[in-house]
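Source file: entry_12.cif; contents: mmCIF, C-alpha atoms.
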```
data_upload
#
loop_
_atom_site.label_atom_id
_atom_site.label_comp_id
_atom_site.auth_asym_id
_atom_site.auth_seq_id
_atom_site.Cartn_x
_atom_site.Cartn_y
_atom_site.Cartn_z
CA MET H 1 -14.50 -38.96 -16.14
CA ILE H 2 -14.83 -36.45 -13.33
CA GLN H 3 -12.34 -33.61 -13.45
CA PRO H 4 -10.88 -32.54 -10.10
CA ILE H 5 -12.25 -29.19 -9.05
CA GLU H 6 -9.57 -26.63 -8.32
CA SER H 7 -10.42 -24.20 -5.57
CA ALA H 8 -10.42 -20.62 -6.82
CA SER H 9 -10.53 -19.28 -3.31
CA GLN H 10 -8.63 -16.01 -2.81
CA SER H 11 -7.97 -13.77 0.16
CA PHE H 12 -9.86 -10.53 0.47
CA VAL H 13 -9.88 -7.70 2.96
CA LEU H 14 -13.38 -6.62 3.92
CA LEU H 15 -13.66 -2.93 4.68
CA ARG H 16 -16.54 -0.91 6.04
CA LEU H 17 -17.74 2.38 4.63
CA GLY H 18 -20.71 3.61 6.61
CA GLU H 19 -23.35 0.89 6.57
CA ARG H 20 -21.86 -1.03 3.66
CA ARG H 21 -19.01 -3.47 3.31
CA PHE H 22 -16.73 -3.82 0.33
CA ALA H 23 -13.84 -6.13 -0.47
CA VAL H 24 -10.40 -5.60 -1.92
CA ALA H 25 -8.02 -8.37 -2.98
CA ALA H 26 -5.64 -8.95 -0.06
CA THR H 27 -2.67 -8.84 -2.43
CA GLN H 28 -3.44 -5.15 -2.99
CA ILE H 29 -3.40 -4.24 0.69
CA SER H 30 -0.26 -3.07 2.41
CA GLU H 31 -1.49 -2.24 5.92
CA LEU H 32 -4.21 -0.75 8.07
CA VAL H 33 -3.15 2.33 10.04
CA ALA H 34 -4.69 4.81 12.43
CA PRO H 35 -5.60 8.16 10.88
CA SER H 36 -2.73 10.61 10.93
CA ARG H 37 -2.34 14.23 9.99
CA ILE H 38 -3.37 15.02 6.44
CA PHE H 39 -1.28 17.58 4.62
CA ARG H 40 -3.41 19.51 2.17
CA PHE H 41 -2.31 21.65 -0.75
CA PRO H 42 -4.09 23.10 -3.77
CA HIS H 43 -4.87 20.71 -6.60
CA ARG H 44 -7.61 19.94 -9.13
CA THR H 45 -8.05 16.17 -8.82
CA PRO H 46 -11.42 15.10 -7.41
CA ARG H 47 -11.62 12.80 -4.36
CA LEU H 48 -8.05 13.45 -3.20
CA GLU H 49 -7.97 14.98 0.27
CA GLY H 50 -4.26 15.44 0.65
CA VAL H 51 -1.33 13.28 1.65
CA ILE H 52 -0.07 11.51 4.75
CA LEU H 53 3.47 10.58 5.70
CA ARG H 54 3.89 6.84 6.12
CA ARG H 55 7.23 5.07 6.54
CA GLY H 56 9.00 7.98 4.91
CA ARG H 57 6.70 7.91 1.92
CA ILE H 58 4.17 10.51 0.91
CA VAL H 59 0.85 8.73 0.39
CA PRO H 60 -2.23 10.35 -1.17
CA VAL H 61 -5.52 10.00 0.72
CA CYS H 62 -8.49 9.21 -1.49
CA ASP H 63 -12.05 9.26 -0.11
CA VAL H 64 -13.91 6.71 -2.20
CA ALA H 65 -17.09 6.87 -0.09
CA GLU H 66 -18.68 9.61 -2.14
CA LYS H 67 -18.44 7.53 -5.29
CA LEU H 68 -19.51 4.29 -3.59
CA LEU H 69 -22.15 5.59 -1.16
CA GLY H 70 -23.08 8.92 -2.67
CA LYS H 71 -21.86 10.84 0.37
CA ALA H 72 -18.54 11.67 1.99
CA LEU H 73 -17.52 10.01 5.24
CA THR H 74 -18.26 11.97 8.40
CA SER H 75 -15.98 9.83 10.55
CA ARG H 76 -13.06 7.58 9.83
CA ARG H 77 -11.40 4.98 11.96
CA PHE H 78 -8.52 3.74 9.86
CA TYR H 79 -6.68 4.27 6.64
CA LEU H 80 -6.35 1.19 4.50
CA ILE H 81 -3.08 1.53 2.64
CA ALA H 82 -3.49 -0.16 -0.73
CA VAL H 83 -1.40 -0.58 -3.81
CA ARG H 84 -2.71 1.25 -6.84
CA HIS H 85 -1.35 0.40 -10.29
CA TYR H 86 -0.66 3.07 -12.89
CA GLY H 87 0.33 1.24 -16.05
CA ASP H 88 3.50 -0.61 -15.13
CA LYS H 89 4.04 1.51 -12.00
CA SER H 90 2.44 1.11 -8.63
CA GLU H 91 2.11 3.42 -5.64
CA TRP H 92 0.38 3.40 -2.29
CA VAL H 93 -2.95 5.11 -1.78
CA ALA H 94 -4.68 5.55 1.60
CA LEU H 95 -8.43 4.83 1.72
CA PRO H 96 -10.32 6.12 4.79
CA VAL H 97 -12.62 3.44 6.27
CA THR H 98 -15.13 3.69 9.08
CA GLY H 99 -14.73 0.35 10.83
CA ASP H 100 -12.59 -2.69 11.43
CA CYS H 101 -11.32 -4.66 8.48
CA GLU H 102 -11.43 -8.42 8.20
CA LEU H 103 -9.37 -10.89 6.18
CA ILE H 104 -11.44 -13.63 4.57
CA ALA H 105 -11.07 -16.30 1.92
CA ALA H 106 -13.74 -16.46 -0.74
CA GLU H 107 -14.33 -17.30 -4.37
CA MET H 108 -14.89 -14.31 -6.59
CA ILE H 109 -17.35 -14.17 -9.43
CA ASN H 110 -15.94 -11.81 -12.04
CA ALA H 111 -17.84 -8.61 -12.77
CA GLY H 112 -20.20 -8.58 -15.70
CA GLU H 113 -20.57 -6.07 -18.47
CA ALA H 114 -23.38 -4.37 -16.63
CA ASP H 115 -21.24 -3.70 -13.58
CA ALA H 116 -19.55 -0.37 -13.00
CA PRO H 117 -15.84 -0.16 -13.93
CA HIS H 118 -14.86 0.05 -10.27
CA VAL H 119 -16.38 -3.41 -9.62
CA ALA H 120 -13.82 -6.19 -10.08
CA GLY H 121 -16.26 -8.90 -9.03
CA TRP H 122 -18.50 -10.24 -6.31
CA ILE H 123 -18.01 -12.51 -3.33
CA SER H 124 -20.42 -14.11 -0.94
CA HIS H 125 -19.65 -13.98 2.78
CA ASN H 126 -21.95 -14.89 5.68
CA GLY H 127 -24.98 -14.62 3.45
CA GLU H 128 -24.02 -11.21 2.19
CA VAL H 129 -23.05 -10.45 -1.40
CA ILE H 130 -20.13 -8.05 -1.38
CA GLU H 131 -18.66 -5.93 -4.15
CA VAL H 132 -14.95 -6.46 -4.82
CA LEU H 133 -13.38 -3.13 -5.69
CA ASN H 134 -11.10 -2.42 -8.61
CA LEU H 135 -8.97 0.32 -7.08
CA ASP H 136 -7.35 1.18 -10.38
CA ALA H 137 -10.76 2.25 -11.69
CA LEU H 138 -12.07 3.66 -8.42
CA THR H 139 -9.25 6.05 -7.57
CA PRO H 140 -8.00 8.86 -9.79
CA GLY H 141 -4.63 8.63 -11.39
CA LEU H 142 -2.35 9.38 -14.22
CA GLU H 143 -1.25 6.32 -16.12
CA ALA H 144 2.52 6.09 -15.85
CA ALA H 145 2.93 5.73 -19.58
CA SER H 146 1.72 9.27 -20.06
CA ALA H 147 3.84 10.69 -17.25
CA PRO H 148 7.40 9.48 -17.65
CA ALA H 149 8.80 12.46 -15.78
CA ALA H 150 6.67 11.73 -12.76
CA SER H 151 7.31 8.03 -12.52
CA ALA H 152 10.23 8.10 -10.13
CA ALA H 153 9.07 7.70 -6.57
CA LEU H 154 11.99 9.54 -5.10
CA LEU H 155 14.15 12.07 -6.81
CA GLU H 156 17.26 13.46 -5.32
CA ALA H 157 17.13 17.19 -4.95
CA ARG H 158 18.95 18.95 -7.72
CA PRO H 159 20.69 22.19 -6.98
CA MET E 160 42.06 -10.52 16.12
CA ARG E 161 40.59 -7.80 14.05
CA VAL E 162 38.41 -8.69 11.18
CA ALA E 163 39.10 -6.65 8.13
CA SER E 164 36.15 -4.60 7.21
CA PRO E 165 34.99 -4.86 3.62
CA PRO E 166 36.16 -2.07 1.40
CA THR E 167 33.60 0.66 1.39
CA LYS E 168 32.58 2.42 -1.73
CA PRO E 169 33.08 6.16 -1.54
CA ARG E 170 29.63 7.60 -0.96
CA ALA E 171 28.55 10.50 -3.04
CA ALA E 172 27.62 13.42 -0.88
CA ALA E 173 23.87 13.87 -0.76
CA ARG E 174 22.86 16.70 -3.00
CA THR E 175 20.76 19.32 -1.37
CA GLU E 176 18.77 22.28 -2.53
CA GLN E 177 18.03 25.54 -0.79
CA LEU E 178 14.35 26.38 -0.61
CA ILE E 179 12.42 29.50 0.20
CA LEU E 180 9.33 28.60 2.23
CA PHE E 181 6.55 31.08 1.67
CA ARG E 182 2.80 31.45 2.15
CA ILE E 183 -0.12 32.35 -0.03
CA SER E 184 -3.50 32.71 1.72
CA GLY E 185 -2.09 30.80 4.68
CA GLN E 186 -1.01 27.83 2.55
CA PRO E 187 2.68 26.94 2.76
CA PHE E 188 4.69 26.42 -0.42
CA ALA E 189 8.36 26.10 -1.28
CA VAL E 190 10.39 27.26 -4.24
CA SER E 191 14.02 26.64 -5.03
CA SER E 192 16.02 29.73 -4.14
CA ALA E 193 17.95 29.16 -7.38
CA SER E 194 14.70 29.83 -9.25
CA VAL E 195 14.16 33.21 -7.63
CA GLN E 196 16.13 36.04 -9.13
CA GLU E 197 14.83 38.76 -6.90
CA VAL E 198 12.46 39.35 -3.99
CA ARG E 199 10.76 42.72 -4.01
CA SER E 200 8.09 44.41 -1.98
CA VAL E 201 4.79 44.87 -3.76
CA ASP E 202 5.04 48.59 -3.08
CA SER E 203 8.16 48.80 -5.21
CA LEU E 204 6.13 47.59 -8.18
CA ALA E 205 3.51 50.27 -7.84
CA GLY E 206 5.08 52.79 -10.20
CA ALA E 207 6.48 50.27 -12.64
CA ALA E 208 3.48 48.06 -13.30
CA THR E 209 0.83 48.49 -15.95
CA GLU E 210 -2.61 46.97 -15.55
CA ILE E 211 -3.70 44.19 -17.86
CA ASP E 212 -7.33 43.36 -18.40
CA GLN E 213 -7.43 39.88 -19.81
CA PRO E 214 -10.85 38.44 -18.85
CA THR E 215 -9.81 34.85 -19.48
CA LEU E 216 -6.70 35.14 -17.36
CA ARG E 217 -7.66 36.83 -14.12
CA LYS E 218 -4.56 35.66 -12.29
CA VAL E 219 -2.46 38.18 -14.23
CA ARG E 220 -3.41 41.78 -13.53
CA HIS E 221 -0.10 43.56 -14.06
CA VAL E 222 2.92 43.58 -16.32
CA VAL E 223 6.27 45.28 -15.85
CA ARG E 224 9.09 45.83 -18.30
CA ARG E 225 12.33 44.10 -17.52
CA ASN E 226 15.34 44.07 -19.84
CA GLU E 227 13.14 44.81 -22.83
CA LYS E 228 10.87 41.92 -21.88
CA ALA E 229 7.40 41.91 -20.41
CA LEU E 230 7.32 40.33 -16.97
CA TYR E 231 3.85 39.11 -16.01
CA VAL E 232 2.83 39.38 -12.36
CA VAL E 233 0.81 36.31 -11.35
CA SER E 234 -1.44 36.28 -8.30
CA GLY E 235 -0.47 33.13 -6.42
CA ALA E 236 -3.88 33.01 -4.74
CA ALA E 237 -5.74 33.14 -8.06
CA HIS E 238 -3.39 30.64 -9.69
CA PHE E 239 -3.86 28.03 -6.96
CA GLY E 240 -7.57 28.77 -6.43
CA LEU E 241 -7.02 30.01 -2.89
CA PRO E 242 -9.02 32.77 -1.18
CA PRO E 243 -7.81 36.24 -2.12
CA SER E 244 -5.07 37.54 0.14
CA SER E 245 -3.03 40.68 0.47
CA ALA E 246 0.31 39.97 -1.14
CA SER E 247 3.23 41.83 0.31
CA LEU E 248 6.11 40.38 -1.75
CA VAL E 249 6.79 39.50 -5.32
CA PHE E 250 9.26 36.84 -6.47
CA VAL E 251 10.88 37.61 -9.81
CA LEU E 252 11.47 34.12 -11.18
CA ARG E 253 14.47 33.12 -13.27
CA LYS E 254 14.24 31.68 -16.76
CA THR E 255 10.60 32.64 -17.14
CA ARG E 256 8.83 35.92 -17.69
CA THR E 257 6.85 35.48 -14.52
CA ALA E 258 6.76 37.24 -11.17
CA LEU E 259 4.76 35.67 -8.35
CA LEU E 260 2.77 37.57 -5.73
CA VAL E 261 3.07 35.95 -2.28
CA ASP E 262 1.93 36.92 1.20
CA GLY E 263 5.28 36.49 2.89
CA ILE E 264 8.36 34.38 3.43
CA ASP E 265 8.46 31.96 6.36
CA LYS E 266 12.08 30.88 6.24
CA MET E 267 14.81 29.22 4.22
CA ALA E 268 15.27 25.47 4.42
CA THR E 269 17.44 22.76 2.93
CA MET E 270 15.78 19.99 0.96
CA THR E 271 17.56 16.67 0.64
CA ARG E 272 14.81 14.78 -1.15
CA LEU E 273 12.13 15.75 -3.56
CA GLN E 274 9.39 13.17 -4.01
CA ALA E 275 7.53 13.16 -7.28
CA LEU E 276 3.90 14.15 -7.01
CA PRO E 277 1.95 10.90 -6.46
CA LEU E 278 0.46 9.60 -9.70
CA ALA E 279 -2.99 9.88 -8.13
CA TYR E 280 -2.73 13.61 -8.83
CA CYS E 281 -3.59 13.82 -12.49
CA ASN E 282 -4.70 17.35 -13.35
CA GLU E 283 -3.20 20.84 -13.60
CA GLU E 284 -1.29 20.38 -10.36
CA ARG E 285 1.21 18.21 -12.23
CA ALA E 286 2.40 21.38 -13.97
CA TRP E 287 2.18 23.47 -10.81
CA TYR E 288 4.58 21.43 -8.70
CA ARG E 289 8.00 19.85 -9.17
CA GLY E 290 7.04 17.51 -6.35
CA LEU E 291 6.60 17.32 -2.59
CA THR E 292 9.14 17.42 0.17
CA ALA E 293 8.96 16.47 3.84
CA LEU E 294 10.42 19.14 6.10
CA ASP E 295 10.14 19.03 9.90
CA GLN E 296 7.30 16.47 9.74
CA ASN E 297 5.40 18.64 7.27
CA VAL E 298 4.78 17.98 3.62
CA ILE E 299 5.32 21.04 1.45
CA PRO E 300 4.62 21.32 -2.28
CA VAL E 301 7.63 22.60 -4.22
CA VAL E 302 6.36 24.87 -6.97
CA ASN E 303 7.51 24.69 -10.55
CA PRO E 304 8.56 28.22 -11.58
CA GLU E 305 7.61 27.46 -15.17
CA GLY E 306 4.17 26.20 -14.21
CA PHE E 307 2.43 29.50 -13.58
CA LEU E 308 1.78 30.41 -17.20
CA THR E 309 1.57 28.13 -20.21
CA ALA E 310 2.99 28.99 -23.63
CA GLU E 311 -0.56 29.69 -24.78
CA GLU E 312 -1.13 32.04 -21.87
CA PHE E 313 2.11 33.89 -22.59
CA ALA E 314 1.02 34.26 -26.20
CA LEU E 315 -2.37 35.58 -25.12
CA LEU E 316 -0.79 38.09 -22.76
CA ASP E 317 1.85 39.18 -25.28
CA ALA E 318 -0.87 39.77 -27.85
CA SER E 319 -2.80 41.98 -25.45
CA LEU E 320 0.13 44.31 -24.83
CA VAL E 321 0.47 47.71 -26.40
CA PRO E 322 4.26 48.22 -26.57
CA GLU E 323 4.21 51.93 -25.77
CA SER E 324 2.07 51.38 -22.73
CA LEU E 325 4.83 49.63 -20.79
CA PRO E 326 6.42 51.93 -18.26
CA ASP E 327 10.14 52.26 -17.68
CA GLU E 328 12.30 49.52 -16.29
CA LEU E 329 11.56 48.07 -12.88
CA PRO E 330 13.47 50.22 -10.38
CA SER E 331 16.21 48.28 -8.61
CA GLU E 332 15.00 48.27 -5.03
CA GLY E 333 14.59 44.53 -4.56
CA LEU E 334 16.76 41.92 -2.97
CA GLU E 335 18.85 40.24 -5.67
CA LEU E 336 19.48 36.56 -5.01
CA PRO E 337 22.69 34.91 -6.22
CA GLU E 338 22.18 32.33 -8.94
#
```

Could you write out this structure as structure tokens?
Amino acid sequence: MIQPIESASQSFVLLRLGERRFAVAATQISELVAPSRIFRFPHRTPRLEGVILRRGRIVPVCDVAEKLLGKALTSRRFYLIAVRHYGDKSEWVALPVTGDCELIAAEMINAGEADAPHVAGWISHNGEVIEVLNLDALTPGLEAASAPAASAALLEARP
Amino acid sequence: MRVASPPTKPRAAARTEQLILFRISGQPFAVSSASVQEVRSVDSLAGAATEIDQPTLRKVRHVVRRNEKALYVVSGAAHFGLPPSSASLVFVLRKTRTALLVDGIDKMATMTRLQALPLAYCNEERAWYRGLTALDQNVIPVVNPEGFLTAEEFALLDASLVPESLPDELPSEGLELPE
């Protein structure tokens, strides 16, 4: 008997970093916005440039190009605002990208043991094999379980 | 006909917090005014401070005696890894044996919301800041007064002190802030 084949097609957002394209699951993407002012302050976490203000929220900006391409971006066209999970918490993170983004449907092949932790899987699109990014592994972060005091997104000021 | 409006719940007044906005090496920071006991000029420390030479803790170069306790003077620039700057003021912080060297005060401001530091920040800065606040379309880190020296660092500094070497009490020439 022939079993019906279920389509495993999912939506992905294709993003461009320099000459390369990467994909992120569309469910993890909040919006694509024009670059805005970055507020910088001293810190010790690699790859974080600062924060932007977006819809009243303070969103960290994380340049993932250096890890993915081996060099930092010299220009940026948009910030892709994505959801990053920290244990059972999630927060927005802004990823600078150098070109337009595209929404596609594709079937993902899960990453193998030999793939880097930041690779969630692979998709094929227009003859190109594209890495699907695991943002939770690609961007720095403190797992919420180890930071209970920092888990609240907004705290009222206490006198 | 007038439609009765639904009963409204009494709204709790938004709690606010007074901040002192200050700069270190050009970088803006904020601290709760309730955390600052006193603001003094650096010059007023000159006679009261003793030098400390602790090679592993370069951000603390001076100590002053205060109510029988040693008060450690932390360079804000060294603590935050900023370029050296010429500090003109020192904040004597409450509930900690720390005084902070800063370049100057910008202004006072009222904070209505403190946002936790995003979880993407996962290193020492989590101890440095209570969080971030948006003021006049700027995002300012709100420092944690207890984040300048760890318990281990206090122990190291205390161990390096020679009790007799501490000079007399800090002269009272600073601006006392109400608690």

* Tell me which protein, DNA and RNA residues are within 9 Å of Val251 of chain E, counting all atoms listed in the file, leaving out same-chain ones fewer than 6 positions away, and put them as a list in words. => Ser194, Val195, Gln196, Glu197, Val198, Arg199, Leu230, Val232, Thr257, Ala258 and Leu259 of chain E

* Evaluating the PyMOL selection byres ((chain E) within 6 of (chain H)) on the displayed file yields which residues, as a ChimeraX atom specification? -> /E:175-176,239,271-275,278-282,284

* To do: List every protein, DNA or RNA residue that has an atom no more than 10 Å from (8.4, 32.0, 2.2) in the file's coordinate frame, counting all atoms listed in the file, and report them as a count of residues only.
  => 20

* Around (-10.0, -16.5, 8.5) in the file's own coordinates, what residues are found within 12 Å if you use only C-alpha atoms, given back as a count of residues only? -> 12

* Asked: Applied to the shown file, which residues does the PyMOL selection byres ((chain H and resi 117) around 10) return, written as a PyMOL selection string?
  -> chain H and resi 111-116+118-120+133-138

Would you write out those residues with C-alpha atoms, as a PDB file, in the coordinates of the input?
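So the final result, stored in out_19.pdb, reads:
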```
ATOM      1  CA  ALA H 111     -17.840  -8.610 -12.770  1.00  0.00           C
ATOM      2  CA  GLY H 112     -20.200  -8.580 -15.700  1.00  0.00           C
ATOM      3  CA  GLU H 113     -20.570  -6.070 -18.470  1.00  0.00           C
ATOM      4  CA  ALA H 114     -23.380  -4.370 -16.630  1.00  0.00           C
ATOM      5  CA  ASP H 115     -21.240  -3.700 -13.580  1.00  0.00           C
ATOM      6  CA  ALA H 116     -19.550  -0.370 -13.000  1.00  0.00           C
ATOM      7  CA  HIS H 118     -14.860   0.050 -10.270  1.00  0.00           C
ATOM      8  CA  VAL H 119     -16.380  -3.410  -9.620  1.00  0.00           C
ATOM      9  CA  ALA H 120     -13.820  -6.190 -10.080  1.00  0.00           C
ATOM     10  CA  LEU H 133     -13.380  -3.130  -5.690  1.00  0.00           C
ATOM     11  CA  ASN H 134     -11.100  -2.420  -8.610  1.00  0.00           C
ATOM     12  CA  LEU H 135      -8.970   0.320  -7.080  1.00  0.00           C
ATOM     13  CA  ASP H 136      -7.350   1.180 -10.380  1.00  0.00           C
ATOM     14  CA  ALA H 137     -10.760   2.250 -11.690  1.00  0.00           C
ATOM     15  CA  LEU H 138     -12.070   3.660  -8.420  1.00  0.00           C
TER      16      LEU H 138
END
```

* To verify the selection step, state as a list in words which residues the PyMOL selection byres ((chain E and resi 220) around 10) yields on this input. => Ala208, Thr209, Glu210, Ile211, Asp212, Gln213, Pro214, Leu216, Arg217, Lys218, Val219, His221, Val222, Tyr231, Val232, Val233 and Ser234 of chain E

* Asked: What is the distance between atom CA of Ile123 of chain H and atom CA of Gly99 of chain H, in Å to one decimal?
  -> 19.4 Å

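Nearest to Glu107 of chain H of all the residues H:Ser124, H:Lys67, H:Leu95, H:Ala23 is H:Ser124, counting all atoms listed in the file.
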
* To do: Would you mind telling me which residue in H:Glu19, H:Asn126, H:Ala25, H:Arg55 lies nearest to Met108 of chain H when using only C-alpha atoms?
  => H:Ala25

* Counting only C-alpha atoms, the option among E:Gly306, E:Gly185, E:Ser244, E:Val249 closest to Ala205 of chain E -> E:Val249

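Here atom CA of Gln296 of chain E stands at a distance of 12.7 Å from atom CA of Met270 of chain E.
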
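We find atom CA of Pro242 of chain E and atom CA of Ser36 of chain H to be spaced 26.0 Å apart.
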
* Asked: Between E:Pro277, E:Ala246, E:Val302, E:Arg253, which one has atoms that come closest to Arg289 of chain E, using all atoms listed in the file?
  -> E:Val302

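Minimum distance to Pro300 of chain E across E:Asp202, E:Leu276, E:Thr269, E:Lys254 (counting all atoms listed in the file) occurs at E:Leu276.
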
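Nearest-residue note for Glu283 of chain E: choosing from E:Leu316, E:Val223, E:Leu308, E:Leu241, the minimum distance belongs to E:Leu308, counting only C-alpha atoms.
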
Residue rebuild result segment 186-202 of chain E, N, CA and C atoms as a compact mmCIF listing (two decimals), in the coordinates of the input:
```txt
# COMPACT_ATOMS: atom_id res chain seq x y z
N GLN E 186 -1.48 29.14 3.01
CA GLN E 186 -1.01 27.83 2.55
C GLN E 186 0.50 27.87 2.35
N PRO E 187 1.23 26.94 2.97
CA PRO E 187 2.68 26.94 2.76
C PRO E 187 3.08 26.33 1.42
N PHE E 188 4.09 26.92 0.83
CA PHE E 188 4.69 26.42 -0.42
C PHE E 188 6.20 26.56 -0.29
N ALA E 189 6.91 25.92 -1.22
CA ALA E 189 8.36 26.10 -1.28
C ALA E 189 8.74 26.34 -2.73
N VAL E 190 9.83 27.07 -2.90
CA VAL E 190 10.39 27.26 -4.24
C VAL E 190 11.91 27.22 -4.09
N SER E 191 12.56 26.67 -5.06
CA SER E 191 14.02 26.64 -5.03
C SER E 191 14.55 28.06 -5.05
N SER E 192 15.48 28.36 -4.16
CA SER E 192 16.02 29.73 -4.14
C SER E 192 16.75 30.02 -5.45
N ALA E 193 17.25 28.96 -6.09
CA ALA E 193 17.95 29.16 -7.38
C ALA E 193 16.99 29.61 -8.47
N SER E 194 15.70 29.42 -8.25
CA SER E 194 14.70 29.83 -9.25
C SER E 194 14.25 31.26 -9.06
N VAL E 195 14.63 31.85 -7.93
CA VAL E 195 14.16 33.21 -7.63
C VAL E 195 15.31 34.19 -7.87
N GLN E 196 15.08 35.08 -8.80
CA GLN E 196 16.13 36.04 -9.13
C GLN E 196 16.14 37.18 -8.14
N GLU E 197 14.96 37.56 -7.71
CA GLU E 197 14.83 38.76 -6.90
C GLU E 197 13.57 38.68 -6.04
N VAL E 198 13.65 39.23 -4.84
CA VAL E 198 12.46 39.35 -3.99
C VAL E 198 12.23 40.84 -3.78
N ARG E 199 11.06 41.29 -4.12
CA ARG E 199 10.76 42.72 -4.01
C ARG E 199 9.50 42.91 -3.18
N SER E 200 9.35 44.11 -2.64
CA SER E 200 8.09 44.41 -1.98
C SER E 200 7.07 44.80 -3.05
N VAL E 201 5.83 44.53 -2.79
CA VAL E 201 4.79 44.87 -3.76
C VAL E 201 4.76 46.38 -4.00
N ASP E 202 5.06 47.13 -2.94
CA ASP E 202 5.04 48.59 -3.08
C ASP E 202 6.02 49.07 -4.14
```
